[in-house]
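Taking it in order: structure first as structure tokens, then the write-up.
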Amino acid sequence: MSDPILSLDRVVKRYAGHTAVRELSFDVPRGGIFGLLGPNGAGKTTTIRMIMHITVPDAGRITLFGEPASRALAPRVGYLPEERGLYPKMGVLEQLVFLGETRGLAAREARRRAAGWLERVGLADWTGRKVQDLSKGMQQKVQFVGALLHDPELVVLDEPFSGLDPVNSQVMKDVVVDLAREGRTVVFSTHIMEQAERMCDRVVIIARGEKVVDGRLADVKREGGGRHVALVFRQGRERAAAVLADRTLVARADDYGASAEVELAPAGDPDRLLRALVEAGVGLARFEVVEPSLQSIFIARVGAGAAVAPASEDGRSAAHAREAAHA
Amino acid sequence: MRELRKIGAVLRREFLSRVRTRAFVIGTVLGPLLMAGLMMFPAFLEKRHTRPAHVVVVDAASGTLGARVVERLAGEMRDTVTRTRPRYRVERVATAPAHVDAARDSLVALTRDTLADAARVDGILVLTDSGVASGRLQYYGTNVGSLREMERLQRTLTPLLFGERLARAGVPPAVVLGAFGRIDLAPVKVSNGAITGESGEASFVLAYAMSFILYLALLIYGMQVTMSTIEEKTNRIVEVLVASLSPFELMMGKVLGVAGVALAQLAIWGGTAMALTTWREAIAARLGVSAASLAALPIPTVSPALLGVFLLYFTLGFLFYAALYAAVGAMCNSTAEAQQSQMPITVCIMAGLFLMFQLIGDPSGGLARTLTFVPPFAPFVVPVRYSVSPLPAGTLLLSTATMVVGILVAVWLAARIYRVGILSYGKKPTLAELARWVRTA
């Protein structure tokens, strides 16, 4: 990772009540899809806002394209915030041209590109319609296009799939994958691990403003390799509970009802687990030693407690204000 | 350069999205229609009431007074220019003083609505010697409720009665007639050592109109700047915008865009008013009313310099207040909240308008001279002062400079509040918090 496109170096963001981001460092290499993961309230949006220079860190440095982050770099970055919206009474194409212009494109060029993009996401028939006539999924596509119109090298997406139905989610996923294939770097945040697991080359997991996992997805998963067992129950499911509760054998179990993912205790091994389950009279449809899912890594590292946002909703909005005060 | 292009994009969006709304189109079209209506309405009214009022003079006075009153009333015309339509149809009934009441009562019976127009009586004027002496004449009429009619009648009769009294006291009628000759003061404006041809009245009307236009534009469009800011917050589009635009660019574009809309509307209205007054005869002919009966909208002769000063201060004042309105929008989350928070600005604007009334009386006094350099009030004060007598170039330049500095400070202040306010979706800030925003932004 000799030449990261984005680099955070011990970045700190403090609000009156708490520290939203503490000593956060990570590098995003050029190309590929990078996942910024964490539970709600972990500091993902705060981090992304600092990357976009909407707010500035209290300490630490953020480097984009080898330069200190600033608004002057905005034309090279595509940004889709979590709190996203459009002018409801504006025409779709017009709106995109405006967004393109704010990113430094000439109106004519913005119009040409917007038309092409609308074609690509299946909204070609909607160019003249007002935004308020579009469905929510269509509006999200328009926002997405708006973030990509100026052909950015780096695309930063905050919770890009939230609120999309499976069909539109699929369309957006394809676009993100295409972007990476075209050589652009995509950074996106999410708290949905399955999504990140399928798409990301690299992940950073943060909790309570601190980094807990950082690395290539394959490495992260390999670290826990051999210690995880996937189970699918055929019968006697209730008899498995006592076995899974045995802390000498099982460190942690994600119980999904009909199936479970188990992390073995340091003293436990797969053979002992299988024997214990069979002796207890549990019928198994599947017993497989696997790499851990990102979800289970996430739960293991972050803990169930972190899934609760540390600050109340009021605290958050006050925090937004204070955050912006430093911009 | 790129900044200018971005400001331009915001400006254009703001301008177009407003100009294309139904409200703007209706407002812009309705304005001139209203103006035309105001001009034409009196003409139509007059057209409907063309029957002269039938007045009977019950003459019990000695001498020729009754005959002269009849003559005088018969000479009154409804339109003062073409003098074609008499206001009254007058008859004289001579009676002995003892029979005045009987004559009056029989005439009052003739005021019944059921009578034909020709026979119906509208009013009865009773002339008696005692009435002339005491100054209390009796008029019985169906139209006594109209103050205007009564005042007109009184005005018509007063010189005759004065004359009669003087004649009875022995003053020769010729002297009386001469003494009643009208005296007019014709004010002509002199400026810079030359006669301008503008009348004093026109200048007053102009200054009044200008201040009022500014006042209205600020109240109407100022609120729009506030609303537009709040709207961007509720739409959540603001975060996309601030990632690529600085708050200053965003706000400057917004303020300039709305100013453009105000100026465009003003231009349309001004143009229509000018066209209406220029071609009023042709328009009147089309509508079948006499041009002379049109309400005379004063067409002040505006010197290009005065027009320039007005437009300059309209723009400066608009930008100054619009920046403040944007700041209000930035710190509020709802229209209701904004309505409260903009009170201080509204008070400032109203103070400006009321000051203008004061200053029309004393346009070069100490207060006027001071306020010329106070940004919130200068836009109201300077055009008034200038319309009365042109300010020296130095004063004008200095005033404009303070105005520009005022705008920059307002924009700077607003941009700072904006910067914090746009990402704050929480409760409205207190004054102390606001001060901190400005300090830390």
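Starting from 1 in every chain, residues are counted up; chains themselves are A, B, ... following the order of the structure tokens, and ligands are numbered from 1 as listed.
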What's the 10 Å shell around Glu288 of chain A, counting only C-alpha atoms, without same-chain residues fewer than 6 positions away, as a CSV table (one decimal) with C-alpha atoms, in the first residue's frame?
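Final file, around_39.csv:
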chain,number,residue,atom,x,y,z
A,226,GLY,CA,-10.5,-23.3,11.5
A,228,HIS,CA,-15.6,-21.6,13.2
A,229,VAL,CA,-18.1,-24.3,12.6
A,230,ALA,CA,-21.4,-23.9,10.6
A,231,LEU,CA,-24.2,-26.1,11.8
A,232,VAL,CA,-27.6,-26.9,10.3
A,261,GLU,CA,-22.5,-20.4,13.6
A,270,PRO,CA,-14.3,-29.6,15.9
A,274,LEU,CA,-19.3,-33.1,16.8
So which residues touch segment 129-137 of chain A within 6 Å, counting only C-alpha atoms, skipping near sequence neighbours fewer than 5 positions away, as a PDB file with N, CA and C atoms, in the first residue's frame?
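Generated output (out.pdb):
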ATOM      1  N   PRO A  88     -37.479  18.801  -4.672  1.00  0.00           N
ATOM      2  CA  PRO A  88     -38.620  18.019  -5.177  1.00  0.00           C
ATOM      3  C   PRO A  88     -39.286  18.617  -6.406  1.00  0.00           C
ATOM      4  N   LYS A  89     -39.218  19.930  -6.559  1.00  0.00           N
ATOM      5  CA  LYS A  89     -39.965  20.554  -7.656  1.00  0.00           C
ATOM      6  C   LYS A  89     -39.118  20.738  -8.912  1.00  0.00           C
ATOM      7  N   MET A  90     -37.902  20.215  -8.889  1.00  0.00           N
ATOM      8  CA  MET A  90     -37.023  20.416 -10.031  1.00  0.00           C
ATOM      9  C   MET A  90     -37.087  19.204 -10.951  1.00  0.00           C
ATOM     10  N   GLY A  91     -36.891  19.436 -12.241  1.00  0.00           N
ATOM     11  CA  GLY A  91     -36.847  18.336 -13.183  1.00  0.00           C
ATOM     12  C   GLY A  91     -35.618  17.469 -12.944  1.00  0.00           C
ATOM     13  N   VAL A  92     -35.716  16.186 -13.302  1.00  0.00           N
ATOM     14  CA  VAL A  92     -34.641  15.243 -13.011  1.00  0.00           C
ATOM     15  C   VAL A  92     -33.329  15.661 -13.694  1.00  0.00           C
ATOM     16  N   LEU A 164     -33.378   0.905   0.115  1.00  0.00           N
ATOM     17  CA  LEU A 164     -33.634   0.398  -1.242  1.00  0.00           C
ATOM     18  C   LEU A 164     -34.274  -0.984  -1.169  1.00  0.00           C
TER      19      LEU A 164
END
Using only C-alpha atoms for the distances, tell me which of A:Gly78, A:Pro166, A:Pro266, A:Gly209 is nearest to Leu149 of chain A.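 Distance minimum relative to Leu149 of chain A lands on A:Gly78.
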Contacts of segment 348-358 of chain B at 10 Å (only C-alpha atoms; same-chain gap of 3+ positions) as an MDAnalysis selection string: chainID B and resid 207:208 211:212 214:216 218:219 317 321 343:345 361:363 367:368 371 376:385
Emit the selected residues as a tab-separated table (two decimals), in the first residue's frame, including N, CA and C atoms.
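So out-v1.tsv came out as:
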chain	number	residue	atom	x	y	z
B	207	ALA	N	-40.40	59.44	-4.42
B	207	ALA	CA	-39.64	58.97	-3.25
B	207	ALA	C	-40.51	58.03	-2.43
B	208	TYR	N	-41.77	58.41	-2.29
B	208	TYR	CA	-42.68	57.58	-1.52
B	208	TYR	C	-42.82	56.22	-2.18
B	211	SER	N	-39.62	53.97	-1.85
B	211	SER	CA	-39.43	53.38	-0.53
B	211	SER	C	-40.44	52.27	-0.31
B	212	PHE	N	-41.65	52.50	-0.79
B	212	PHE	CA	-42.68	51.51	-0.57
B	212	PHE	C	-42.39	50.24	-1.36
B	214	LEU	N	-39.45	49.15	-2.20
B	214	LEU	CA	-38.36	48.47	-1.52
B	214	LEU	C	-38.89	47.72	-0.30
B	215	TYR	N	-39.76	48.40	0.44
B	215	TYR	CA	-40.33	47.82	1.65
B	215	TYR	C	-41.07	46.53	1.33
B	216	LEU	N	-41.94	46.60	0.32
B	216	LEU	CA	-42.73	45.42	-0.05
B	216	LEU	C	-41.83	44.30	-0.56
B	218	LEU	N	-38.78	43.69	0.09
B	218	LEU	CA	-38.01	43.07	1.17
B	218	LEU	C	-38.87	42.11	1.96
B	219	LEU	N	-40.07	42.54	2.28
B	219	LEU	CA	-40.93	41.67	3.09
B	219	LEU	C	-41.30	40.41	2.33
B	317	GLY	N	-29.80	47.49	-0.78
B	317	GLY	CA	-30.66	47.23	0.37
B	317	GLY	C	-31.18	45.80	0.34
B	321	TYR	N	-30.44	42.99	3.32
B	321	TYR	CA	-31.49	42.33	4.10
B	321	TYR	C	-31.63	40.86	3.74
B	343	MET	N	-38.43	38.67	13.25
B	343	MET	CA	-39.02	39.91	13.77
B	343	MET	C	-38.05	41.09	13.78
B	344	PRO	N	-36.83	40.91	14.33
B	344	PRO	CA	-35.93	42.07	14.38
B	344	PRO	C	-35.67	42.67	13.00
B	345	ILE	N	-35.57	41.81	11.99
B	345	ILE	CA	-35.31	42.32	10.64
B	345	ILE	C	-36.52	43.09	10.14
B	361	GLY	N	-40.18	65.33	5.25
B	361	GLY	CA	-40.35	66.68	5.78
B	361	GLY	C	-39.04	67.45	5.91
B	362	ASP	N	-37.98	66.72	6.20
B	362	ASP	CA	-36.70	67.40	6.46
B	362	ASP	C	-35.56	66.59	5.85
B	363	PRO	N	-35.48	66.58	4.53
B	363	PRO	CA	-34.58	65.65	3.86
B	363	PRO	C	-33.10	65.98	3.98
B	367	LEU	N	-30.58	64.11	11.03
B	367	LEU	CA	-30.95	62.70	11.07
B	367	LEU	C	-30.74	62.07	9.69
B	368	ALA	N	-31.25	62.76	8.68
B	368	ALA	CA	-31.12	62.25	7.31
B	368	ALA	C	-29.66	62.10	6.93
B	371	LEU	N	-28.22	59.00	8.78
B	371	LEU	CA	-28.73	57.70	8.34
B	371	LEU	C	-28.25	57.34	6.93
B	376	PRO	N	-28.62	49.66	7.39
B	376	PRO	CA	-30.00	49.19	7.34
B	376	PRO	C	-30.98	50.27	6.86
B	377	PHE	N	-30.62	51.54	7.00
B	377	PHE	CA	-31.57	52.60	6.68
B	377	PHE	C	-31.24	53.37	5.41
B	378	ALA	N	-29.98	53.34	5.04
B	378	ALA	CA	-29.56	54.10	3.86
B	378	ALA	C	-30.41	53.81	2.62
B	379	PRO	N	-30.79	52.53	2.35
B	379	PRO	CA	-31.58	52.27	1.15
B	379	PRO	C	-32.90	53.02	1.13
B	380	PHE	N	-33.45	53.36	2.31
B	380	PHE	CA	-34.69	54.12	2.34
B	380	PHE	C	-34.40	55.62	2.26
B	381	VAL	N	-33.32	56.01	2.93
B	381	VAL	CA	-33.05	57.44	3.11
B	381	VAL	C	-32.46	58.08	1.85
B	382	VAL	N	-31.49	57.40	1.24
B	382	VAL	CA	-30.75	58.04	0.15
B	382	VAL	C	-31.65	58.40	-1.05
B	383	PRO	N	-32.51	57.47	-1.54
B	383	PRO	CA	-33.35	57.87	-2.67
B	383	PRO	C	-34.24	59.07	-2.34
B	384	VAL	N	-34.76	59.13	-1.10
B	384	VAL	CA	-35.60	60.27	-0.72
B	384	VAL	C	-34.78	61.55	-0.77
B	385	ARG	N	-33.61	61.50	-0.16
B	385	ARG	CA	-32.77	62.70	-0.16
B	385	ARG	C	-32.42	63.09	-1.59
Which residues are close to Leu217 of chain A, i.e. within 8 Å by only C-alpha atoms, leaving aside same-chain residues fewer than 2 positions away? Reply as a count of residues only. 9
Run DSSP on the backbone and give me the residues of segment 20-121 of chain B it puts in alpha helix (DSSP H), as JSON, numbers by chain. {"B": [22, 23, 24, 25, 26, 27, 28, 29, 30, 31, 32, 33, 34, 35, 36, 37, 38, 39, 40, 41, 42, 43, 44, 45, 46, 47, 48, 65, 66, 67, 68, 69, 70, 71, 72, 73, 74, 100, 101, 102, 103, 104, 105, 106, 107, 108]}
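Residue neighbourhood of segment 181-187 of chain A, excluding near-sequence residues (fewer than 5 positions): Ile5, Val28, Pro29, Arg30, Gly31, Gly32, Ile33, Phe34, Gly35, Leu36, Pro152, Glu153, Leu154, Val155, Val156, Leu157, Asp158 and Val176 of chain A, at 9 Å, using only C-alpha atoms.
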For segment 129-138 of chain B, work out the shell of residues within 12 Å, counting only C-alpha atoms and skipping chain neighbours fewer than 6 positions away, then give it as an NGL selection string. :B and (57-66 or 96-97 or 100-101 or 104 or 123 or 144 or 150 or 153-154 or 157-169)
